[in-house]
file my_file.tsv (TSV, C-alpha atoms (C1' of nucleotides))
chain	number	residue	atom	x	y	z
A	13	MET	CA	0.00	0.00	0.00
A	14	ILE	CA	1.53	3.29	-1.07
A	15	MET	CA	0.60	6.88	-0.59
A	16	SER	CA	0.25	8.71	-3.89
A	17	SER	CA	3.05	11.12	-4.64
A	18	GLN	CA	2.32	14.68	-5.73
A	19	ALA	CA	3.38	14.42	-9.38
A	20	ARG	CA	3.05	17.79	-11.14
A	21	PRO	CA	0.38	17.82	-13.83
A	22	PRO	CA	1.43	18.11	-17.47
A	23	ASP	CA	0.98	21.36	-19.36
A	24	TYR	CA	-2.77	21.29	-19.86
A	25	GLU	CA	-2.72	24.65	-21.52
A	26	SER	CA	-0.89	23.42	-24.60
A	27	LEU	CA	-2.60	20.08	-24.35
A	28	LEU	CA	-5.99	21.73	-24.64
A	29	ARG	CA	-4.84	24.15	-27.30
A	30	GLU	CA	-3.79	21.21	-29.42
A	31	ALA	CA	-7.20	19.66	-28.91
A	32	GLY	CA	-8.72	22.75	-30.49
A	33	VAL	CA	-9.85	24.22	-27.21
A	34	ARG	CA	-9.47	27.94	-26.70
A	35	ILE	CA	-7.34	29.09	-23.82
A	36	THR	CA	-9.43	31.86	-22.36
A	37	ARG	CA	-8.85	34.01	-19.34
A	38	PRO	CA	-11.21	32.02	-17.08
A	39	ARG	CA	-9.70	28.73	-18.21
A	40	LYS	CA	-6.18	29.95	-17.54
A	41	ILE	CA	-7.20	30.87	-14.02
A	42	ILE	CA	-8.99	27.61	-13.33
A	43	LEU	CA	-6.04	25.60	-14.62
A	44	LYS	CA	-3.74	27.58	-12.38
A	45	ILE	CA	-5.93	26.87	-9.38
A	46	LEU	CA	-5.99	23.17	-10.18
A	47	ALA	CA	-2.24	23.08	-10.60
A	48	GLU	CA	-1.68	24.73	-7.25
A	49	ARG	CA	-4.33	22.97	-5.19
A	50	ASP	CA	-3.18	20.26	-2.86
A	51	ASP	CA	-6.64	19.25	-1.71
A	52	HIS	CA	-9.83	17.99	-3.40
A	53	PRO	CA	-11.90	21.16	-3.96
A	54	ASP	CA	-15.48	21.21	-5.16
A	55	ALA	CA	-16.78	23.54	-7.84
A	56	MET	CA	-17.75	26.23	-5.34
A	57	ALA	CA	-14.31	26.16	-3.71
A	58	ILE	CA	-12.68	26.51	-7.11
A	59	PHE	CA	-15.06	29.34	-7.93
A	60	ARG	CA	-14.19	31.18	-4.72
A	61	ARG	CA	-10.47	30.86	-5.42
A	62	ALA	CA	-11.03	31.98	-9.00
A	63	VAL	CA	-12.98	35.07	-8.02
A	64	ARG	CA	-9.99	36.24	-6.00
A	65	LEU	CA	-7.98	36.31	-9.23
A	66	ASP	CA	-10.73	37.66	-11.48
A	67	ASP	CA	-14.05	38.68	-10.03
A	68	SER	CA	-15.84	38.43	-13.34
A	69	ILE	CA	-15.63	34.64	-13.47
A	70	SER	CA	-18.94	32.85	-13.16
A	71	LEU	CA	-19.78	29.61	-11.43
A	72	SER	CA	-21.22	28.24	-14.67
A	73	THR	CA	-17.86	28.63	-16.30
A	74	VAL	CA	-16.24	26.71	-13.50
A	75	TYR	CA	-18.73	23.89	-14.01
A	76	ARG	CA	-18.32	24.02	-17.77
A	77	THR	CA	-14.57	23.93	-17.47
A	78	MET	CA	-14.63	21.02	-15.05
A	79	LYS	CA	-16.80	19.13	-17.48
A	80	LEU	CA	-14.46	19.98	-20.32
A	81	LEU	CA	-11.42	18.83	-18.40
A	82	GLU	CA	-13.15	15.70	-17.24
A	83	ASP	CA	-14.17	14.79	-20.79
A	84	ARG	CA	-10.59	15.37	-21.94
A	85	GLY	CA	-9.38	13.11	-19.14
A	86	ALA	CA	-7.48	15.95	-17.50
A	87	ILE	CA	-9.22	15.77	-14.16
A	88	GLN	CA	-11.18	13.28	-12.14
A	89	ARG	CA	-14.51	13.91	-10.49
A	90	HIS	CA	-15.23	12.24	-7.16
A	91	ALA	CA	-18.78	12.17	-5.82
A	92	PHE	CA	-18.15	11.43	-2.18
A	93	GLN	CA	-20.96	10.64	0.20
A	94	GLY	CA	-23.48	13.43	0.51
A	95	GLY	CA	-21.53	16.44	-0.65
A	96	PRO	CA	-20.91	18.00	-4.06
A	97	SER	CA	-18.42	16.57	-6.56
A	98	ARG	CA	-14.80	17.21	-5.77
A	99	PHE	CA	-11.99	17.31	-8.28
A	100	GLU	CA	-8.34	16.48	-8.70
A	101	PRO	CA	-5.93	16.37	-11.65
A	102	ALA	CA	-6.00	12.95	-13.28
A	103	ASP	CA	-2.29	12.68	-13.93
A	104	SER	CA	-1.31	10.87	-10.77
A	105	GLU	CA	-1.44	7.10	-10.66
A	106	HIS	CA	-4.74	5.53	-9.68
A	107	HIS	CA	-5.66	5.63	-6.03
A	108	ASP	CA	-8.63	5.29	-3.71
A	109	HIS	CA	-9.78	7.58	-0.92
A	110	LEU	CA	-10.16	7.64	2.80
A	111	ILE	CA	-12.47	10.46	3.85
A	112	ASP	CA	-12.15	11.88	7.33
A	113	LEU	CA	-15.74	12.14	8.54
A	114	ASP	CA	-14.92	14.91	11.00
A	115	THR	CA	-12.87	17.23	8.79
A	116	GLY	CA	-13.78	16.19	5.24
A	117	ASP	CA	-10.08	15.69	4.57
A	118	VAL	CA	-9.24	13.21	1.87
A	119	ILE	CA	-6.33	10.81	2.18
A	120	GLU	CA	-5.21	8.91	-0.88
A	121	PHE	CA	-4.07	5.34	-0.84
A	122	HIS	CA	-3.56	2.46	-3.19
A	123	SER	CA	-3.62	-1.27	-2.71
A	124	GLU	CA	-2.57	-3.47	-5.56
A	125	LYS	CA	-3.91	-6.45	-3.67
A	126	ILE	CA	-7.38	-5.00	-3.48
A	127	GLU	CA	-7.28	-4.12	-7.16
A	128	GLN	CA	-6.38	-7.69	-8.00
A	129	LEU	CA	-9.16	-9.08	-5.83
A	130	GLN	CA	-11.64	-6.75	-7.52
A	131	ASP	CA	-10.61	-8.00	-10.92
A	132	GLU	CA	-10.97	-11.58	-9.81
A	133	ILE	CA	-14.43	-10.97	-8.42
A	134	ALA	CA	-15.64	-9.19	-11.53
A	135	LYS	CA	-14.18	-11.90	-13.69
A	136	SER	CA	-15.86	-14.64	-11.71
A	137	LEU	CA	-19.17	-12.85	-12.22
A	138	GLY	CA	-18.55	-12.59	-15.94
A	139	TYR	CA	-17.82	-8.90	-15.92
A	140	GLU	CA	-15.07	-6.58	-16.97
A	141	ILE	CA	-14.45	-3.62	-14.69
A	142	VAL	CA	-14.65	-0.26	-16.43
A	143	HIS	CA	-13.94	1.67	-13.29
A	144	HIS	CA	-14.51	1.35	-9.61
A	145	ARG	CA	-15.00	3.36	-6.50
A	146	LEU	CA	-13.50	2.46	-3.17
A	147	GLU	CA	-14.03	4.92	-0.39
A	148	LEU	CA	-13.33	4.44	3.28
A	149	TYR	CA	-15.15	6.78	5.65
A	150	GLY	CA	-13.55	6.95	9.04
A	151	ARG	CA	-12.38	8.82	12.08
A	152	LYS	CA	-8.90	9.44	13.37
A	153	LYS	CA	-7.99	7.11	16.21
P	4	MET	CA	-16.23	-14.50	-2.17
P	5	ILE	CA	-19.89	-15.28	-1.67
P	6	MET	CA	-23.05	-14.08	-3.27
P	7	SER	CA	-25.48	-12.71	-0.72
P	8	SER	CA	-28.49	-14.90	-0.09
P	9	GLN	CA	-31.99	-13.47	-0.20
P	10	ALA	CA	-32.83	-13.63	3.51
P	11	ARG	CA	-36.38	-12.43	4.16
P	12	PRO	CA	-36.54	-9.21	6.14
P	13	PRO	CA	-37.88	-9.29	9.69
P	14	ASP	CA	-41.35	-8.00	10.47
P	15	TYR	CA	-40.69	-4.27	10.18
P	16	GLU	CA	-44.31	-3.48	10.87
P	17	SER	CA	-44.18	-4.64	14.48
P	18	LEU	CA	-40.60	-3.47	14.76
P	19	LEU	CA	-41.63	0.05	13.89
P	20	ARG	CA	-44.75	-0.09	16.00
P	21	GLU	CA	-42.61	-0.95	18.99
P	22	ALA	CA	-40.40	2.00	18.21
P	23	GLY	CA	-43.45	4.23	18.57
P	24	VAL	CA	-43.92	4.74	14.87
P	25	ARG	CA	-47.43	4.66	13.47
P	26	ILE	CA	-48.25	2.06	10.89
P	27	THR	CA	-50.17	4.04	8.35
P	28	ARG	CA	-51.64	2.98	5.05
P	29	PRO	CA	-48.80	4.45	2.96
P	30	ARG	CA	-46.18	2.89	5.21
P	31	LYS	CA	-47.82	-0.50	4.99
P	32	ILE	CA	-47.71	-0.28	1.23
P	33	ILE	CA	-44.12	0.85	1.08
P	34	LEU	CA	-43.02	-1.90	3.44
P	35	LYS	CA	-44.83	-4.42	1.30
P	36	ILE	CA	-43.05	-3.16	-1.79
P	37	LEU	CA	-39.68	-3.36	-0.06
P	38	ALA	CA	-40.38	-6.88	1.14
P	39	GLU	CA	-41.28	-8.03	-2.35
P	40	ARG	CA	-38.65	-6.23	-4.36
P	41	ASP	CA	-35.73	-8.24	-5.59
P	42	ASP	CA	-33.87	-5.33	-7.12
P	43	HIS	CA	-32.48	-2.01	-5.87
P	44	PRO	CA	-35.25	0.50	-6.63
P	45	ASP	CA	-34.91	4.26	-6.28
P	46	ALA	CA	-37.53	6.48	-4.65
P	47	MET	CA	-39.34	7.10	-7.92
P	48	ALA	CA	-39.54	3.39	-8.70
P	49	ILE	CA	-40.95	2.71	-5.26
P	50	PHE	CA	-43.41	5.54	-5.76
P	51	ARG	CA	-44.59	4.14	-9.08
P	52	ARG	CA	-45.12	0.72	-7.55
P	53	ALA	CA	-46.92	2.28	-4.59
P	54	VAL	CA	-49.29	4.28	-6.76
P	55	ARG	CA	-50.48	1.06	-8.34
P	56	LEU	CA	-51.66	-0.06	-4.90
P	57	ASP	CA	-52.96	3.31	-3.74
P	58	ASP	CA	-52.98	6.25	-6.07
P	59	SER	CA	-53.18	8.79	-3.27
P	60	ILE	CA	-49.64	8.14	-2.09
P	61	SER	CA	-47.23	11.01	-2.62
P	62	LEU	CA	-43.60	10.98	-3.55
P	63	SER	CA	-42.77	13.01	-0.43
P	64	THR	CA	-44.14	10.23	1.71
P	65	VAL	CA	-41.94	7.74	-0.07
P	66	TYR	CA	-38.91	9.91	0.64
P	67	ARG	CA	-39.98	10.49	4.24
P	68	THR	CA	-40.52	6.79	4.77
P	69	MET	CA	-37.18	5.87	3.25
P	70	LYS	CA	-35.53	8.34	5.60
P	71	LEU	CA	-37.43	6.91	8.54
P	72	LEU	CA	-36.45	3.36	7.68
P	73	GLU	CA	-32.86	4.35	7.05
P	74	ASP	CA	-32.64	6.09	10.42
P	75	ARG	CA	-34.11	3.04	12.11
P	76	GLY	CA	-31.52	0.91	10.33
P	77	ALA	CA	-34.18	-0.99	8.43
P	78	ILE	CA	-32.94	-0.17	4.97
P	79	GLN	CA	-29.72	0.91	3.32
P	80	ARG	CA	-29.34	3.77	0.90
P	81	HIS	CA	-26.86	3.45	-1.95
P	82	ALA	CA	-25.86	6.51	-3.95
P	83	PHE	CA	-24.43	4.92	-7.05
P	84	GLN	CA	-22.63	6.93	-9.68
P	85	GLY	CA	-24.76	9.62	-11.21
P	86	GLY	CA	-28.23	8.38	-10.52
P	87	PRO	CA	-30.62	8.83	-7.59
P	88	SER	CA	-30.28	6.89	-4.34
P	89	ARG	CA	-31.37	3.28	-4.48
P	90	PHE	CA	-32.55	1.22	-1.55
P	91	GLU	CA	-32.52	-2.28	-0.17
P	92	PRO	CA	-33.52	-3.89	3.15
P	93	ALA	CA	-30.60	-3.83	5.57
P	94	ASP	CA	-31.15	-7.26	7.03
P	95	SER	CA	-28.83	-9.22	4.77
P	96	GLU	CA	-25.17	-9.50	5.67
P	97	HIS	CA	-22.85	-6.78	4.43
P	98	HIS	CA	-21.99	-6.81	0.77
P	99	ASP	CA	-20.62	-4.60	-1.95
P	100	HIS	CA	-21.98	-3.94	-5.42
P	101	LEU	CA	-21.13	-4.50	-9.04
P	102	ILE	CA	-23.19	-2.21	-11.26
P	103	ASP	CA	-23.84	-3.23	-14.84
P	104	LEU	CA	-23.17	-0.08	-16.83
P	105	ASP	CA	-25.42	-1.18	-19.67
P	106	THR	CA	-28.50	-2.27	-17.75
P	107	GLY	CA	-28.14	-0.62	-14.34
P	108	ASP	CA	-28.48	-4.06	-12.77
P	109	VAL	CA	-26.84	-4.47	-9.40
P	110	ILE	CA	-24.99	-7.63	-8.44
P	111	GLU	CA	-24.06	-8.16	-4.82
P	112	PHE	CA	-20.83	-9.70	-3.68
P	113	HIS	CA	-18.68	-9.92	-0.61
P	114	SER	CA	-14.98	-10.43	-0.09
P	115	GLU	CA	-13.70	-10.95	3.40
P	116	LYS	CA	-10.19	-10.51	2.10
P	117	ILE	CA	-10.92	-7.05	0.75
P	118	GLU	CA	-12.60	-6.08	4.01
P	119	GLN	CA	-9.52	-7.15	5.92
P	120	LEU	CA	-7.22	-5.22	3.63
P	121	GLN	CA	-9.38	-2.13	4.05
P	122	ASP	CA	-9.11	-2.39	7.82
P	123	GLU	CA	-5.36	-2.76	7.60
P	124	ILE	CA	-5.04	0.27	5.38
P	125	ALA	CA	-7.21	2.44	7.58
P	126	LYS	CA	-5.34	1.30	10.64
P	127	SER	CA	-1.97	2.05	9.10
P	128	LEU	CA	-3.22	5.56	8.37
P	129	GLY	CA	-4.38	5.98	11.94
P	130	TYR	CA	-8.05	5.71	11.12
P	131	GLU	CA	-11.00	3.64	12.15
P	132	ILE	CA	-13.45	2.78	9.38
P	133	VAL	CA	-17.02	3.84	10.13
P	134	HIS	CA	-18.31	2.57	6.83
P	135	HIS	CA	-17.08	2.12	3.32
P	136	ARG	CA	-18.24	2.03	-0.24
P	137	LEU	CA	-16.90	-0.37	-2.79
P	138	GLU	CA	-18.56	-0.29	-6.18
P	139	LEU	CA	-17.40	-1.96	-9.35
P	140	TYR	CA	-18.79	-0.54	-12.57
P	141	GLY	CA	-18.50	-2.93	-15.46
P	142	ARG	CA	-19.81	-4.61	-18.55
P	143	LYS	CA	-20.74	-8.21	-19.17
P	144	LYS	CA	-18.03	-10.08	-21.05
Q	5	DA	C1'	-6.90	44.29	-38.11
Q	6	DT	C1'	-11.28	41.43	-39.17
Q	7	DG	C1'	-14.58	37.79	-38.87
Q	8	DC	C1'	-16.74	34.21	-36.84
Q	9	DA	C1'	-17.21	30.14	-34.13
Q	10	DA	C1'	-16.31	29.26	-29.49
Q	11	DA	C1'	-16.79	30.70	-24.86
Q	12	DT	C1'	-18.72	33.74	-21.44
Q	13	DG	C1'	-22.00	35.67	-17.78
Q	14	DC	C1'	-26.39	35.82	-16.37
Q	15	DA	C1'	-30.78	34.07	-15.30
Q	16	DA	C1'	-33.79	30.53	-15.65
Q	17	DA	C1'	-34.37	25.51	-15.85
Q	18	DT	C1'	-33.37	20.94	-14.18
Q	19	DC	C1'	-33.01	16.89	-11.10
Q	20	DG	C1'	-33.32	14.58	-6.84
Q	21	DT	C1'	-34.67	15.55	-2.46
Q	22	DT	C1'	-36.50	18.12	1.63
Q	23	DT	C1'	-39.70	21.08	4.03
Q	24	DG	C1'	-43.76	24.25	5.68
Q	25	DC	C1'	-48.29	23.94	6.37
Q	26	DA	C1'	-53.11	22.93	6.72
Q	27	DA	C1'	-55.87	18.81	6.59
Q	28	DC	C1'	-56.26	14.08	8.07
Q	29	DT	C1'	-55.85	9.74	10.76
Q	30	DG	C1'	-53.85	6.08	13.83
Q	31	DA	C1'	-53.51	4.74	18.54
Q	32	DT	C1'	-54.53	5.54	23.29
Q	33	DG	C1'	-57.53	6.14	27.15
Q	34	DA	C1'	-62.38	7.33	28.76
M	2	DT	C1'	-67.07	2.74	20.95
M	3	DC	C1'	-65.52	7.25	20.38
M	4	DA	C1'	-63.11	11.63	21.21
M	5	DT	C1'	-58.68	13.29	21.38
M	6	DC	C1'	-54.42	14.92	19.62
M	7	DA	C1'	-49.76	14.20	18.27
M	8	DG	C1'	-47.97	11.89	14.37
M	9	DT	C1'	-48.53	11.70	9.45
M	10	DT	C1'	-50.04	13.00	5.06
M	11	DG	C1'	-50.41	15.46	0.36
M	12	DC	C1'	-49.44	19.41	-1.86
M	13	DA	C1'	-46.68	23.03	-3.37
M	14	DA	C1'	-42.91	25.57	-2.71
M	15	DA	C1'	-37.92	25.57	-1.38
M	16	DC	C1'	-33.68	23.39	-1.76
M	17	DG	C1'	-28.58	22.53	-3.32
M	18	DA	C1'	-25.86	21.06	-7.03
M	19	DT	C1'	-25.53	21.31	-11.66
M	20	DT	C1'	-26.89	22.37	-16.51
M	21	DT	C1'	-28.71	25.16	-20.15
M	22	DG	C1'	-30.58	29.07	-23.40
M	23	DC	C1'	-29.37	33.18	-25.03
M	24	DA	C1'	-27.44	37.54	-26.13
M	25	DT	C1'	-22.85	39.37	-25.75
M	26	DT	C1'	-17.94	38.99	-25.76
M	27	DT	C1'	-13.48	37.13	-27.16
M	28	DG	C1'	-9.75	34.02	-28.84
M	29	DC	C1'	-7.37	33.16	-32.77
M	30	DA	C1'	-6.82	31.90	-37.77
M	31	DT	C1'	-6.80	34.63	-41.71

call {"tool": "encode", "arguments": {"input": "my_file.tsv", "output": "structure tokens"}}
result
Amino acid sequence: MIMSSQARPPDYESLLREAGVRITRPRKIILKILAERDDHPDAMAIFRRAVRLDDSISLSTVYRTMKLLEDRGAIQRHAFQGGPSRFEPADSEHHDHLIDLDTGDVIEFHSEKIEQLQDEIAKSLGYEIVHHRLELYGRKK
Amino acid sequence: MIMSSQARPPDYESLLREAGVRITRPRKIILKILAERDDHPDAMAIFRRAVRLDDSISLSTVYRTMKLLEDRGAIQRHAFQGGPSRFEPADSEHHDHLIDLDTGDVIEFHSEKIEQLQDEIAKSLGYEIVHHRLELYGRKK
DNA sequence: ATGCAAATGCAAATCGTTTGCAACTGATGA
DNA sequence: TCATCAGTTGCAAACGATTTGCATTTGCAT
């Protein structure tokens, strides 16, 4: 079991430009926020950070940009229990999440053993896993 | 890894009555639907089934009853990817879910090994698991 | 620089779910 | 059995997260 390292995301700006996506002022700002975040912010949190850099940005644009980035595979959306979707760059290696029920903090982890067991189970049921969701909800001891 | 058996739920009607909850006509109907279901219906599906038995039932009552039953520990709520919450009686032993991406079908499974690994991971991070969510999303091979 | 499709901000719409409120109805005790 | 009255209902309106229509603005290829 390893903790995910904080690999720096690739240059999404040029990546998107190549994909025929315009690099606008709001998008620049949102990408910057994503690059600098070290947590798992939701759309509203991203919006609040964005407004500090440019108060003309709208929440819709944040949502639209998140969708855009998600579709391009640049970020991952996590719909944790109850709350709004939270996002993180998709560049790091796959990992699951432990959510601190008291603080909302998210701790990343990965277990190759669990992944293998999941594959076995799916296989034995005649299925192929497209993706999965493993979330532990707990309290600090 | 075992498939969960279809244990029949206890007599919720008397259970609830003892807890000081009134057994009303709508609640009787909803309990009946839950006892007879063999899938994982959402509130709207339960509502549609209920209306067939009594067309005066309201969707709010379905939601209120699901909340009531959830709080009493009688049913479990599952918020699968994207869609609305889906419910199932909570009497069967713990299990996780494999969701068929094409049909929405839900297959139950359980892996003691995975559970153990989860506990180990949480422990090594200094956490105690309150509950978890393991969902495999896949396609039939 | 110019033109035009793409992207924006805003407000209104959407979806699943919850809630306020006045009307109704189970369960208890006379 | 029946009156009582808090618990429960149906309805409509409110809700939070997210999406969408539309008129206006803006990248960026020419």

call {"tool": "closest_atom_pairs", "arguments": {"input": "my_file.tsv", "of": "chain Q", "to": "chain P", "cutoff": "9 Å", "atoms": "only C-alpha atoms (C1' of nucleotides)", "output": "Markdown table"}}
result
| residue | atom | partner | partner_atom | distance |
| --- | --- | --- | --- | --- |
| Q:DG20 | C1' | P:Pro87 | CA | 6.4 |
| Q:DT21 | C1' | P:Tyr66 | CA | 7.7 |
| Q:DT22 | C1' | P:Ser63 | CA | 8.3 |
| Q:DT29 | C1' | P:Thr27 | CA | 8.4 |
| Q:DG30 | C1' | P:Arg25 | CA | 6.6 |
| Q:DA31 | C1' | P:Arg25 | CA | 7.9 |

call {"tool": "interface_residues", "arguments": {"input": "my_file.tsv", "of": "chain M", "to": "chain P", "cutoff": "8 Å", "atoms": "only C-alpha atoms (C1' of nucleotides)", "output": "list of chain:residue names"}}
result
M:DG8, M:DT9, M:DT10, M:DG11

call {"tool": "interface_residues", "arguments": {"input": "my_file.tsv", "of": "chain A", "to": "chain P", "cutoff": "10 Å", "atoms": "only C-alpha atoms", "output": "count of residues only"}}
result
45

call {"tool": "atom_distance", "arguments": {"input": "my_file.tsv", "atom1": "atom CA of A:Leu43", "atom2": "atom C1' of Q:DA10"}}
result
18.4 Å

call {"tool": "calpha_fit_and_write", "arguments": {"input": "my_file.tsv", "fixed": "chain A", "moving": "chain P", "output": "compact mmCIF listing (two decimals) with C-alpha atoms, in the frame of the given file"}}
result
# COMPACT_ATOMS: atom_id res chain seq x y z
CA MET P 4 0.07 -0.03 -0.05
CA ILE P 5 1.58 3.25 -1.15
CA MET P 6 0.65 6.83 -0.67
CA SER P 7 0.31 8.65 -3.97
CA SER P 8 3.09 11.11 -4.69
CA GLN P 9 2.32 14.66 -5.74
CA ALA P 10 3.42 14.46 -9.38
CA ARG P 11 3.04 17.83 -11.10
CA PRO P 12 0.40 17.85 -13.82
CA PRO P 13 1.48 18.19 -17.44
CA ASP P 14 1.02 21.46 -19.29
CA TYR P 15 -2.74 21.35 -19.81
CA GLU P 16 -2.70 24.72 -21.48
CA SER P 17 -0.84 23.51 -24.55
CA LEU P 18 -2.54 20.15 -24.30
CA LEU P 19 -5.92 21.78 -24.60
CA ARG P 20 -4.78 24.20 -27.26
CA GLU P 21 -3.69 21.26 -29.37
CA ALA P 22 -7.08 19.70 -28.88
CA GLY P 23 -8.60 22.79 -30.47
CA VAL P 24 -9.80 24.27 -27.23
CA ARG P 25 -9.40 27.99 -26.69
CA ILE P 26 -7.31 29.15 -23.79
CA THR P 27 -9.42 31.89 -22.34
CA ARG P 28 -8.85 34.04 -19.30
CA PRO P 29 -11.21 32.05 -17.06
CA ARG P 30 -9.70 28.76 -18.19
CA LYS P 31 -6.20 29.99 -17.50
CA ILE P 32 -7.24 30.90 -14.00
CA ILE P 33 -9.00 27.64 -13.32
CA LEU P 34 -6.04 25.63 -14.60
CA LYS P 35 -3.76 27.63 -12.36
CA ILE P 36 -5.95 26.89 -9.37
CA LEU P 37 -5.99 23.18 -10.18
CA ALA P 38 -2.23 23.12 -10.58
CA GLU P 39 -1.71 24.76 -7.21
CA ARG P 40 -4.34 22.99 -5.17
CA ASP P 41 -3.20 20.28 -2.85
CA ASP P 42 -6.65 19.25 -1.72
CA HIS P 43 -9.82 17.98 -3.42
CA PRO P 44 -11.90 21.13 -3.97
CA ASP P 45 -15.49 21.16 -5.17
CA ALA P 46 -16.81 23.51 -7.86
CA MET P 47 -17.78 26.17 -5.35
CA ALA P 48 -14.35 26.13 -3.73
CA ILE P 49 -12.71 26.49 -7.11
CA PHE P 50 -15.10 29.32 -7.91
CA ARG P 51 -14.25 31.15 -4.71
CA ARG P 52 -10.55 30.85 -5.40
CA ALA P 53 -11.09 31.98 -8.99
CA VAL P 54 -13.05 35.06 -7.99
CA ARG P 55 -10.09 36.23 -5.96
CA LEU P 56 -8.06 36.32 -9.18
CA ASP P 57 -10.82 37.66 -11.42
CA ASP P 58 -14.14 38.64 -9.98
CA SER P 59 -15.94 38.40 -13.30
CA ILE P 60 -15.69 34.62 -13.44
CA SER P 61 -18.99 32.80 -13.12
CA LEU P 62 -19.81 29.56 -11.41
CA SER P 63 -21.24 28.19 -14.67
CA THR P 64 -17.86 28.60 -16.29
CA VAL P 65 -16.25 26.67 -13.49
CA TYR P 66 -18.72 23.84 -14.01
CA ARG P 67 -18.31 23.99 -17.79
CA THR P 68 -14.55 23.92 -17.48
CA MET P 69 -14.59 21.02 -15.05
CA LYS P 70 -16.75 19.11 -17.51
CA LEU P 71 -14.41 19.99 -20.35
CA LEU P 72 -11.36 18.85 -18.42
CA GLU P 73 -13.08 15.70 -17.26
CA ASP P 74 -14.07 14.81 -20.82
CA ARG P 75 -10.52 15.41 -21.97
CA GLY P 76 -9.31 13.14 -19.17
CA ALA P 77 -7.42 15.96 -17.51
CA ILE P 78 -9.18 15.79 -14.18
CA GLN P 79 -11.14 13.27 -12.17
CA ARG P 80 -14.48 13.88 -10.53
CA HIS P 81 -15.22 12.22 -7.21
CA ALA P 82 -18.77 12.15 -5.87
CA PHE P 83 -18.16 11.41 -2.23
CA GLN P 84 -20.98 10.62 0.15
CA GLY P 85 -23.51 13.38 0.42
CA GLY P 86 -21.55 16.37 -0.70
CA PRO P 87 -20.93 17.94 -4.12
CA SER P 88 -18.43 16.53 -6.60
CA ARG P 89 -14.80 17.18 -5.81
CA PHE P 90 -11.98 17.30 -8.31
CA GLU P 91 -8.33 16.49 -8.72
CA PRO P 92 -5.89 16.38 -11.66
CA ALA P 93 -5.95 12.95 -13.29
CA ASP P 94 -2.24 12.69 -13.92
CA SER P 95 -1.26 10.83 -10.77
CA GLU P 96 -1.45 7.05 -10.72
CA HIS P 97 -4.74 5.48 -9.71
CA HIS P 98 -5.66 5.62 -6.06
CA ASP P 99 -8.61 5.29 -3.75
CA HIS P 100 -9.74 7.58 -0.97
CA LEU P 101 -10.13 7.66 2.77
CA ILE P 102 -12.44 10.49 3.81
CA ASP P 103 -12.12 11.93 7.29
CA LEU P 104 -15.69 12.19 8.52
CA ASP P 105 -14.84 14.96 10.96
CA THR P 106 -12.83 17.27 8.73
CA GLY P 107 -13.75 16.22 5.18
CA ASP P 108 -10.05 15.73 4.50
CA VAL P 109 -9.22 13.22 1.81
CA ILE P 110 -6.31 10.82 2.12
CA GLU P 111 -5.19 8.91 -0.94
CA PHE P 112 -4.04 5.34 -0.89
CA HIS P 113 -3.56 2.45 -3.23
CA SER P 114 -3.62 -1.29 -2.75
CA GLU P 115 -2.59 -3.50 -5.61
CA LYS P 116 -3.92 -6.47 -3.70
CA ILE P 117 -7.40 -5.00 -3.47
CA GLU P 118 -7.34 -4.14 -7.16
CA GLN P 119 -6.45 -7.71 -7.99
CA LEU P 120 -9.20 -9.08 -5.80
CA GLN P 121 -11.69 -6.76 -7.46
CA ASP P 122 -10.68 -8.04 -10.88
CA GLU P 123 -11.04 -11.62 -9.73
CA ILE P 124 -14.49 -10.98 -8.33
CA ALA P 125 -15.71 -9.22 -11.44
CA LYS P 126 -14.29 -11.95 -13.61
CA SER P 127 -15.95 -14.69 -11.58
CA LEU P 128 -19.25 -12.88 -12.07
CA GLY P 129 -18.68 -12.66 -15.80
CA TYR P 130 -17.94 -8.96 -15.79
CA GLU P 131 -15.21 -6.66 -16.91
CA ILE P 132 -14.54 -3.68 -14.64
CA VAL P 133 -14.76 -0.34 -16.43
CA HIS P 134 -14.02 1.62 -13.30
CA HIS P 135 -14.56 1.31 -9.60
CA ARG P 136 -15.03 3.35 -6.50
CA LEU P 137 -13.51 2.45 -3.19
CA GLU P 138 -14.02 4.94 -0.40
CA LEU P 139 -13.31 4.47 3.27
CA TYR P 140 -15.11 6.82 5.63
CA GLY P 141 -13.49 7.02 9.01
CA ARG P 142 -12.31 8.88 12.05
CA LYS P 143 -8.82 9.51 13.33
CA LYS P 144 -7.91 7.19 16.18

call {"tool": "atom_distance", "arguments": {"input": "my_file.tsv", "atom1": "atom CA of A:Glu82", "atom2": "atom CA of A:Ala102"}}
result
8.6 Å

call {"tool": "residues_around", "arguments": {"input": "my_file.tsv", "residues": "A:Ile45", "least_positions_apart": "3", "cutoff": "9 Å", "atoms": "all atoms listed in the file", "output": "compact mmCIF listing (two decimals) with C-alpha atoms, in the coordinates of the input"}}
result
# COMPACT_ATOMS: atom_id res chain seq x y z
CA LYS A 40 -6.18 29.95 -17.54
CA ILE A 41 -7.20 30.87 -14.02
CA ILE A 42 -8.99 27.61 -13.33
CA GLU A 48 -1.68 24.73 -7.25
CA ARG A 49 -4.33 22.97 -5.19
CA ILE A 58 -12.68 26.51 -7.11
CA ARG A 61 -10.47 30.86 -5.42
CA ALA A 62 -11.03 31.98 -9.00

call {"tool": "residues_around", "arguments": {"input": "my_file.tsv", "residues": "P:Ala38", "least_positions_apart": "2", "cutoff": "12 Å", "atoms": "all atoms listed in the file", "output": "list in words"}}
result
Gln9, Ala10, Arg11, Pro12, Pro13, Asp14, Tyr15, Glu16, Lys31, Ile32, Ile33, Leu34, Lys35, Ile36, Arg40, Asp41, Asp42, His43, Pro44, Ile49, Ala77, Ile78, Phe90, Glu91, Pro92, Ala93 and Asp94 of chain P

call {"tool": "axis_aligned_box", "arguments": {"input": "my_file.tsv", "around": "stretch 140-144 of chain P", "padding_each_side": "8 Å", "output": "lines of an AutoDock Vina configuration file"}}
result
center_x = -19.4
center_y = -5.3
center_z = -16.8
size_x = 18.7
size_y = 25.5
size_z = 24.5
